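*Asks:* My structure is stored as start.pdb, with PDB, C-alpha atoms, pLDDT in the B column.
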```
ATOM      1  CA  ARG A  17     -27.670  10.172 -66.062  1.00 82.00           C
ATOM      2  CA  ALA A  18     -24.385   8.260 -66.004  1.00 90.00           C
ATOM      3  CA  LEU A  19     -21.459  10.218 -64.578  1.00 93.00           C
ATOM      4  CA  ARG A  20     -17.903   9.103 -65.474  1.00 91.00           C
ATOM      5  CA  SER A  21     -16.030  10.739 -62.585  1.00 95.00           C
ATOM      6  CA  VAL A  22     -16.431  13.541 -60.086  1.00 97.00           C
ATOM      7  CA  ARG A  23     -14.256  15.802 -62.244  1.00 96.00           C
ATOM      8  CA  ALA A  24     -16.291  14.945 -65.373  1.00 96.00           C
ATOM      9  CA  ALA A  25     -19.472  15.680 -63.388  1.00 97.00           C
ATOM     10  CA  GLY A  26     -17.992  19.067 -62.497  1.00 97.00           C
ATOM     11  CA  ALA A  27     -17.324  19.802 -66.155  1.00 97.00           C
ATOM     12  CA  GLU A  28     -20.876  18.792 -67.078  1.00 97.00           C
ATOM     13  CA  ILE A  29     -22.312  21.060 -64.362  1.00 98.00           C
ATOM     14  CA  VAL A  30     -20.227  24.047 -65.451  1.00 96.00           C
ATOM     15  CA  LYS A  31     -21.329  23.519 -69.077  1.00 97.00           C
ATOM     16  CA  CYS A  32     -25.027  23.230 -68.147  1.00 98.00           C
ATOM     17  CA  SER A  33     -27.047  26.433 -68.599  1.00 97.00           C
ATOM     18  CA  CYS A  34     -30.281  25.299 -66.903  1.00 97.00           C
ATOM     19  CA  PRO A  35     -30.208  26.059 -63.145  1.00 97.00           C
ATOM     20  CA  LYS A  36     -32.599  23.211 -62.325  1.00 97.00           C
ATOM     21  CA  THR A  37     -30.547  20.644 -64.266  1.00 98.00           C
ATOM     22  CA  LYS A  38     -27.284  22.113 -62.948  1.00 97.00           C
ATOM     23  CA  THR A  39     -28.419  21.656 -59.335  1.00 98.00           C
ATOM     24  CA  GLN A  40     -29.865  18.183 -60.015  1.00 98.00           C
ATOM     25  CA  ILE A  41     -26.559  16.985 -61.480  1.00 98.00           C
ATOM     26  CA  SER A  42     -24.766  18.586 -58.532  1.00 98.00           C
ATOM     27  CA  HIS A  43     -26.899  16.618 -56.060  1.00 98.00           C
ATOM     28  CA  GLN A  44     -26.456  13.396 -58.043  1.00 98.00           C
ATOM     29  CA  ALA A  45     -22.696  13.813 -58.306  1.00 98.00           C
ATOM     30  CA  ALA A  46     -22.381  14.609 -54.594  1.00 98.00           C
ATOM     31  CA  HIS A  47     -24.435  11.553 -53.673  1.00 98.00           C
ATOM     32  CA  GLU A  48     -22.467   9.258 -55.977  1.00 97.00           C
ATOM     33  CA  TRP A  49     -19.159  10.664 -54.700  1.00 97.00           C
ATOM     34  CA  LYS A  50     -20.145  10.268 -51.036  1.00 97.00           C
ATOM     35  CA  THR A  51     -21.311   6.688 -51.590  1.00 97.00           C
ATOM     36  CA  GLY A  52     -18.102   5.735 -53.384  1.00 96.00           C
ATOM     37  CA  ASN A  53     -19.677   5.311 -56.819  1.00 96.00           C
ATOM     38  CA  LEU A  54     -17.497   7.936 -58.551  1.00 95.00           C
ATOM     39  CA  GLU A  55     -13.756   8.052 -59.016  1.00 94.00           C
ATOM     40  CA  VAL A  56     -11.830  11.325 -59.072  1.00 93.00           C
ATOM     41  CA  GLY A  57     -11.030  11.075 -62.770  1.00 91.00           C
ATOM     42  CA  GLY A  58      -7.671  11.852 -64.273  1.00 80.00           C
ATOM     43  CA  GLU A  59      -8.823  12.847 -67.729  1.00 81.00           C
ATOM     44  CA  GLN A  60      -8.139  16.316 -69.120  1.00 84.00           C
ATOM     45  CA  MET A  61     -11.258  18.454 -68.768  1.00 87.00           C
ATOM     46  CA  ASP A  62     -12.590  20.607 -71.583  1.00 89.00           C
ATOM     47  CA  LEU A  63     -14.002  23.581 -69.682  1.00 92.00           C
ATOM     48  CA  PRO A  64     -15.507  26.833 -70.898  1.00 91.00           C
ATOM     49  CA  SER A  65     -13.888  30.127 -69.931  1.00 87.00           C
ATOM     50  CA  MET A  66     -17.122  31.060 -68.149  1.00 88.00           C
ATOM     51  CA  PRO A  67     -19.822  28.782 -66.720  1.00 92.00           C
ATOM     52  CA  ALA A  68     -22.879  28.323 -68.915  1.00 94.00           C
ATOM     53  CA  ARG A  69     -25.814  30.457 -67.840  1.00 91.00           C
ATOM     54  CA  PRO A  70     -29.473  30.699 -68.806  1.00 93.00           C
ATOM     55  CA  ASP A  71     -30.645  33.544 -71.044  1.00 93.00           C
ATOM     56  CA  ARG A  72     -31.962  35.254 -67.925  1.00 93.00           C
ATOM     57  CA  PRO A  73     -30.831  36.942 -65.791  1.00 89.00           C
ATOM     58  CA  ILE A  74     -29.072  39.422 -68.005  1.00 84.00           C
ATOM     59  CA  LEU A  75     -25.504  39.719 -66.699  1.00 83.00           C
ATOM     60  CA  VAL A  76     -24.243  43.276 -66.204  1.00 82.00           C
ATOM     61  CA  ASP A  77     -21.376  45.248 -64.643  1.00 78.00           C
ATOM     62  CA  LYS A  78     -23.819  47.345 -62.609  1.00 69.00           C
ATOM     63  CA  ILE A  79     -27.405  46.392 -61.801  1.00 62.00           C
ATOM     64  CA  GLU A  80     -28.479  49.865 -62.951  1.00 66.00           C
ATOM     65  CA  ASP A  81     -27.270  48.919 -66.457  1.00 59.00           C
ATOM     66  CA  GLY A  82     -29.935  46.208 -66.700  1.00 55.00           C
ATOM     67  CA  GLY A  83     -32.942  48.516 -66.793  1.00 60.00           C
ATOM     68  CA  PRO A  84     -35.827  48.877 -64.342  1.00 63.00           C
ATOM     69  CA  VAL A  85     -36.393  46.212 -61.700  1.00 72.00           C
ATOM     70  CA  ASN A  86     -40.006  45.390 -60.856  1.00 83.00           C
ATOM     71  CA  LEU A  87     -39.392  43.299 -57.740  1.00 87.00           C
ATOM     72  CA  SER A  88     -39.851  44.272 -54.107  1.00 89.00           C
ATOM     73  CA  LYS A  89     -36.675  44.973 -52.166  1.00 88.00           C
ATOM     74  CA  GLU A  90     -37.067  41.601 -50.409  1.00 93.00           C
ATOM     75  CA  LEU A  91     -37.371  39.729 -53.709  1.00 93.00           C
ATOM     76  CA  GLN A  92     -34.395  41.634 -55.083  1.00 90.00           C
ATOM     77  CA  ILE A  93     -32.358  40.389 -52.110  1.00 92.00           C
ATOM     78  CA  LEU A  94     -33.583  36.826 -52.645  1.00 95.00           C
ATOM     79  CA  HIS A  95     -32.724  37.095 -56.341  1.00 93.00           C
ATOM     80  CA  SER A  96     -29.225  38.260 -55.455  1.00 92.00           C
ATOM     81  CA  LEU A  97     -28.877  35.359 -53.021  1.00 95.00           C
ATOM     82  CA  ALA A  98     -30.034  32.897 -55.690  1.00 96.00           C
ATOM     83  CA  HIS A  99     -27.434  34.326 -58.074  1.00 94.00           C
ATOM     84  CA  ILE A 100     -24.698  34.025 -55.439  1.00 93.00           C
ATOM     85  CA  GLU A 101     -25.679  30.416 -54.662  1.00 96.00           C
ATOM     86  CA  LEU A 102     -25.779  29.379 -58.319  1.00 96.00           C
ATOM     87  CA  GLY A 103     -22.465  31.121 -58.969  1.00 93.00           C
ATOM     88  CA  ALA A 104     -20.971  29.241 -56.023  1.00 94.00           C
ATOM     89  CA  VAL A 105     -22.194  25.932 -57.465  1.00 97.00           C
ATOM     90  CA  ASP A 106     -20.334  26.758 -60.677  1.00 95.00           C
ATOM     91  CA  ASN A 107     -17.212  27.978 -58.901  1.00 93.00           C
ATOM     92  CA  TYR A 108     -16.845  24.878 -56.723  1.00 96.00           C
ATOM     93  CA  TRP A 109     -17.524  22.430 -59.544  1.00 97.00           C
ATOM     94  CA  ASP A 110     -15.194  24.365 -61.844  1.00 94.00           C
ATOM     95  CA  THR A 111     -12.433  23.996 -59.244  1.00 94.00           C
ATOM     96  CA  ILE A 112     -13.127  20.257 -58.894  1.00 96.00           C
ATOM     97  CA  ALA A 113     -13.073  19.767 -62.662  1.00 95.00           C
ATOM     98  CA  ARG A 114     -10.132  22.050 -63.425  1.00 93.00           C
ATOM     99  CA  PHE A 115      -7.560  20.953 -60.843  1.00 92.00           C
ATOM    100  CA  SER A 116      -6.450  17.328 -60.866  1.00 91.00           C
ATOM    101  CA  PRO A 117      -5.711  16.244 -57.277  1.00 91.00           C
ATOM    102  CA  GLU A 118      -2.825  14.116 -58.521  1.00 89.00           C
ATOM    103  CA  GLU A 119      -1.224  16.927 -60.490  1.00 90.00           C
ATOM    104  CA  TYR A 120      -1.631  19.480 -57.699  1.00 91.00           C
ATOM    105  CA  ASN A 121      -1.067  17.065 -54.791  1.00 92.00           C
ATOM    106  CA  LEU A 122      -4.500  17.741 -53.272  1.00 92.00           C
ATOM    107  CA  PRO A 123      -5.779  15.254 -50.685  1.00 94.00           C
ATOM    108  CA  ARG A 124      -9.053  13.402 -51.209  1.00 93.00           C
ATOM    109  CA  GLU A 125     -10.450  15.318 -48.219  1.00 96.00           C
ATOM    110  CA  TYR A 126     -10.115  18.501 -50.230  1.00 95.00           C
ATOM    111  CA  ILE A 127     -12.338  17.078 -52.966  1.00 96.00           C
ATOM    112  CA  ASN A 128     -14.730  15.768 -50.287  1.00 97.00           C
ATOM    113  CA  ASP A 129     -15.091  19.272 -48.864  1.00 97.00           C
ATOM    114  CA  LEU A 130     -15.545  20.926 -52.268  1.00 98.00           C
ATOM    115  CA  VAL A 131     -18.203  18.372 -53.261  1.00 98.00           C
ATOM    116  CA  GLN A 132     -20.032  18.894 -49.952  1.00 98.00           C
ATOM    117  CA  VAL A 133     -20.006  22.670 -50.272  1.00 98.00           C
ATOM    118  CA  ALA A 134     -21.119  22.530 -53.924  1.00 98.00           C
ATOM    119  CA  ASP A 135     -24.004  20.271 -52.875  1.00 98.00           C
ATOM    120  CA  ASP A 136     -24.898  22.700 -50.056  1.00 98.00           C
ATOM    121  CA  GLU A 137     -24.870  25.644 -52.474  1.00 98.00           C
ATOM    122  CA  ALA A 138     -27.124  23.768 -54.915  1.00 98.00           C
ATOM    123  CA  ARG A 139     -29.558  23.045 -52.073  1.00 98.00           C
ATOM    124  CA  HIS A 140     -29.461  26.706 -50.979  1.00 98.00           C
ATOM    125  CA  PHE A 141     -30.222  27.818 -54.545  1.00 98.00           C
ATOM    126  CA  GLY A 142     -33.273  25.540 -54.556  1.00 98.00           C
ATOM    127  CA  TRP A 143     -34.538  26.932 -51.250  1.00 98.00           C
ATOM    128  CA  VAL A 144     -34.146  30.537 -52.373  1.00 97.00           C
ATOM    129  CA  GLN A 145     -35.674  29.834 -55.793  1.00 97.00           C
ATOM    130  CA  ASN A 146     -38.665  28.162 -54.109  1.00 97.00           C
ATOM    131  CA  ALA A 147     -39.115  31.153 -51.781  1.00 97.00           C
ATOM    132  CA  MET A 148     -39.122  33.449 -54.812  1.00 96.00           C
ATOM    133  CA  LEU A 149     -41.610  31.222 -56.652  1.00 97.00           C
ATOM    134  CA  ARG A 150     -43.990  31.326 -53.664  1.00 97.00           C
ATOM    135  CA  HIS A 151     -44.041  35.118 -54.106  1.00 96.00           C
ATOM    136  CA  GLY A 152     -44.513  35.051 -57.880  1.00 95.00           C
ATOM    137  CA  ALA A 153     -40.904  35.770 -58.833  1.00 95.00           C
ATOM    138  CA  HIS A 154     -38.272  33.725 -60.665  1.00 95.00           C
ATOM    139  CA  TYR A 155     -34.521  33.629 -60.861  1.00 95.00           C
ATOM    140  CA  GLY A 156     -33.848  35.780 -63.916  1.00 91.00           C
ATOM    141  CA  ASP A 157     -36.515  38.413 -63.220  1.00 91.00           C
ATOM    142  CA  MET A 158     -33.854  41.067 -62.715  1.00 88.00           C
ATOM    143  CA  PRO A 159     -30.307  41.617 -63.968  1.00 85.00           C
ATOM    144  CA  ALA A 160     -27.379  40.179 -62.034  1.00 85.00           C
ATOM    145  CA  HIS A 161     -23.666  40.864 -61.742  1.00 80.00           C
ATOM    146  CA  HIS A 162     -21.320  38.782 -63.871  1.00 72.00           C
ATOM    147  CA  ARG A 163     -18.404  39.241 -61.438  1.00 66.00           C
ATOM    148  CA  LEU A 164     -19.178  36.092 -59.473  1.00 61.00           C
ATOM    149  CA  LEU A 165     -18.781  34.051 -62.633  1.00 58.00           C
ATOM    150  CA  SER A 166     -15.368  35.425 -63.472  1.00 58.00           C
ATOM    151  CA  HIS A 167     -13.616  32.901 -61.147  1.00 52.00           C
ATOM    152  CA  ALA A 168     -13.562  30.272 -63.870  1.00 48.00           C
ATOM    153  CA  ALA A 169     -12.008  32.668 -66.372  1.00 57.00           C
ATOM    154  CA  ASN A 170      -9.404  33.708 -63.805  1.00 58.00           C
ATOM    155  CA  THR A 171      -8.223  30.132 -63.267  1.00 53.00           C
ATOM    156  CA  GLN A 172      -7.154  29.491 -66.853  1.00 53.00           C
TER     157      GLN A 172
END
```
Taking this structure as input, can you express it in the form of structure tokens?

*Replies:*
Amino acid sequence: RALRSVRAAGAEIVKCSCPKTKTQISHQAAHEWKTGNLEVGGEQMDLPSMPARPDRPILVDKIEDGGPVNLSKELQILHSLAHIELGAVDNYWDTIARFSPEEYNLPREYINDLVQVADDEARHFGWVQNAMLRHGAHYGDMPAHHRLLSHAANTQ
């Protein structure tokens, strides 16, 4: 996959609904940024009001609104962690894509840190998802809060 800039990569990640693809692009973009193969990018980004999400989990105001949950308490916690990690991936990449460092006078180190944290969050999502898979569960097996995803809508 050819990435035009780190900000364009952020836009692509935020628009991607597949968690696996989202985290793969995140890792690729972080690697290319760290090795100097991506520029910041000054182009205007076309971003959604909310990050793209898979069909599951169902996003709710209260978990109770999503119906019965058939996961152990431990798997429910892991599911919540996976949701937090994936939401963080979106929030960091949305910030990278949305705010031009030139326009907002942000130093390159700021972008470096955001890219590193987004890459960390993508890795954490993978670890938690793999732990769930080892116990027969998947991200999406229970409802999740939509509040974490509201950051992108709040920055418009």

*Asks:* Find the spatial neighbours of region 112-129 of chain A, counting all atoms listed in the file, within a cut-off of 12 Å - ignore same-chain residues fewer than 4 positions away - and output them as number ranges by chain.

*Replies:* A: 21-31, 42, 45-52, 54-65, 67, 105-108, 133-136, 167-172

*Asks:* From the list A:Leu19, A:Val85, A:Ala160, A:Ile41, which residue is nearest Trp109 (chain A) when using only C-alpha atoms?

*Replies:* A:Ile41

*Asks:* Using only C-alpha atoms, which of the listed residues (A:Ala153, A:Asp110, A:Asp77, A:Asp71) sits closest to Leu94 (chain A)?

*Replies:* A:Ala153

*Asks:* For the file shown, report as a PDB file with C-alpha atoms, in the coordinates of the input the outcome of the PyMOL selection byres ((chain A and resi 147) around 12) at residue level.

*Replies:*
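And here is the file that came out, result_1.pdb:
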```pdb
ATOM      1  CA  GLU A  90     -37.067  41.601 -50.409  1.00 93.00           C
ATOM      2  CA  LEU A  91     -37.371  39.729 -53.709  1.00 93.00           C
ATOM      3  CA  GLN A  92     -34.395  41.634 -55.083  1.00 90.00           C
ATOM      4  CA  ILE A  93     -32.358  40.389 -52.110  1.00 92.00           C
ATOM      5  CA  LEU A  94     -33.583  36.826 -52.645  1.00 95.00           C
ATOM      6  CA  HIS A  95     -32.724  37.095 -56.341  1.00 93.00           C
ATOM      7  CA  LEU A  97     -28.877  35.359 -53.021  1.00 95.00           C
ATOM      8  CA  ALA A  98     -30.034  32.897 -55.690  1.00 96.00           C
ATOM      9  CA  HIS A 140     -29.461  26.706 -50.979  1.00 98.00           C
ATOM     10  CA  PHE A 141     -30.222  27.818 -54.545  1.00 98.00           C
ATOM     11  CA  GLY A 142     -33.273  25.540 -54.556  1.00 98.00           C
ATOM     12  CA  TRP A 143     -34.538  26.932 -51.250  1.00 98.00           C
ATOM     13  CA  VAL A 144     -34.146  30.537 -52.373  1.00 97.00           C
ATOM     14  CA  GLN A 145     -35.674  29.834 -55.793  1.00 97.00           C
ATOM     15  CA  ASN A 146     -38.665  28.162 -54.109  1.00 97.00           C
ATOM     16  CA  MET A 148     -39.122  33.449 -54.812  1.00 96.00           C
ATOM     17  CA  LEU A 149     -41.610  31.222 -56.652  1.00 97.00           C
ATOM     18  CA  ARG A 150     -43.990  31.326 -53.664  1.00 97.00           C
ATOM     19  CA  HIS A 151     -44.041  35.118 -54.106  1.00 96.00           C
ATOM     20  CA  GLY A 152     -44.513  35.051 -57.880  1.00 95.00           C
ATOM     21  CA  ALA A 153     -40.904  35.770 -58.833  1.00 95.00           C
ATOM     22  CA  HIS A 154     -38.272  33.725 -60.665  1.00 95.00           C
ATOM     23  CA  TYR A 155     -34.521  33.629 -60.861  1.00 95.00           C
TER      24      TYR A 155
END
```

*Asks:* Which of these, A:Leu130, A:Ala138, A:Ile74, A:Ala68, has the shortest distance to Ile100 (chain A) once you count only C-alpha atoms?

*Replies:*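 With only C-alpha atoms as the atom set, the closest residue is A:Ala138.
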
*Asks:* In Å, rounded to a single decimal, give me how far CA of Val131 (chain A) is from CA of Lys38 (chain A).

*Replies:*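 Between CA of Lys38 (chain A) and CA of Val131 (chain A) the gap is 13.8 Å.
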
*Asks:* Pick the closest to Lys36 (chain A) from A:Met66, A:Arg139, A:Ala104, A:Asp157: which is it, counting all atoms listed in the file?

*Replies:*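 Looking at the shortest contact to Lys36 (chain A), the residue is A:Arg139.
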
*Asks:* Rounded to one decimal place, report the CA of Gln40 (chain A)-CA of Pro70 (chain A) distance in Å.

*Replies:* 15.3 Å

*Asks:* Identify which of the residues A:Arg20, A:Gln44, A:His161, A:Glu137 lies closest to Glu101 (chain A), counting only C-alpha atoms when measuring atom-to-atom distances.

*Replies:*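 Selected residue with least distance to Glu101 (chain A): A:Glu137.
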
*Asks:* Using all atoms listed in the file, which of the listed residues (A:Ser33, A:Arg69, A:His43, A:Gly103) sits closest to Gln132 (chain A)?

*Replies:* A:His43

*Asks:* Could you tell me how far CA of Arg72 (chain A) lies from CA of Leu87 (chain A), in Å and to one decimal?

*Replies:*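 Computed distance, CA of Arg72 (chain A) to CA of Leu87 (chain A), equals 15.0 Å.
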
*Asks:* Is there a way to complete region 35-46 of chain A with N, CA and C atoms and then write that out as a PDB file, in the coordinates of the input?

*Replies:*
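Result file selection.pdb:
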```
ATOM      1  N   PRO A  35     -30.445  26.153 -64.589  1.00 97.00           N
ATOM      2  CA  PRO A  35     -30.208  26.059 -63.145  1.00 97.00           C
ATOM      3  C   PRO A  35     -30.787  24.802 -62.501  1.00 97.00           C
ATOM      4  N   LYS A  36     -31.981  24.403 -62.918  1.00 97.00           N
ATOM      5  CA  LYS A  36     -32.599  23.211 -62.325  1.00 97.00           C
ATOM      6  C   LYS A  36     -31.761  21.968 -62.630  1.00 97.00           C
ATOM      7  N   THR A  37     -31.363  21.800 -63.885  1.00 98.00           N
ATOM      8  CA  THR A  37     -30.547  20.644 -64.266  1.00 98.00           C
ATOM      9  C   THR A  37     -29.177  20.713 -63.605  1.00 98.00           C
ATOM     10  N   LYS A  38     -28.597  21.900 -63.568  1.00 97.00           N
ATOM     11  CA  LYS A  38     -27.284  22.113 -62.948  1.00 97.00           C
ATOM     12  C   LYS A  38     -27.315  21.644 -61.492  1.00 97.00           C
ATOM     13  N   THR A  39     -28.352  22.043 -60.744  1.00 98.00           N
ATOM     14  CA  THR A  39     -28.419  21.656 -59.335  1.00 98.00           C
ATOM     15  C   THR A  39     -28.768  20.175 -59.175  1.00 98.00           C
ATOM     16  N   GLN A  40     -29.572  19.625 -60.074  1.00 98.00           N
ATOM     17  CA  GLN A  40     -29.865  18.183 -60.015  1.00 98.00           C
ATOM     18  C   GLN A  40     -28.607  17.349 -60.235  1.00 98.00           C
ATOM     19  N   ILE A  41     -27.804  17.716 -61.226  1.00 98.00           N
ATOM     20  CA  ILE A  41     -26.559  16.985 -61.480  1.00 98.00           C
ATOM     21  C   ILE A  41     -25.618  17.149 -60.288  1.00 98.00           C
ATOM     22  N   SER A  42     -25.604  18.336 -59.706  1.00 98.00           N
ATOM     23  CA  SER A  42     -24.766  18.586 -58.532  1.00 98.00           C
ATOM     24  C   SER A  42     -25.146  17.641 -57.390  1.00 98.00           C
ATOM     25  N   HIS A  43     -26.437  17.524 -57.123  1.00 98.00           N
ATOM     26  CA  HIS A  43     -26.899  16.618 -56.060  1.00 98.00           C
ATOM     27  C   HIS A  43     -26.552  15.166 -56.392  1.00 98.00           C
ATOM     28  N   GLN A  44     -26.768  14.767 -57.630  1.00 98.00           N
ATOM     29  CA  GLN A  44     -26.456  13.396 -58.043  1.00 98.00           C
ATOM     30  C   GLN A  44     -24.972  13.108 -57.891  1.00 98.00           C
ATOM     31  N   ALA A  45     -24.143  14.022 -58.380  1.00 98.00           N
ATOM     32  CA  ALA A  45     -22.696  13.813 -58.306  1.00 98.00           C
ATOM     33  C   ALA A  45     -22.229  13.749 -56.856  1.00 98.00           C
ATOM     34  N   ALA A  46     -22.764  14.619 -56.011  1.00 98.00           N
ATOM     35  CA  ALA A  46     -22.381  14.609 -54.594  1.00 98.00           C
ATOM     36  C   ALA A  46     -22.777  13.290 -53.951  1.00 98.00           C
TER      37      ALA A  46
END
```
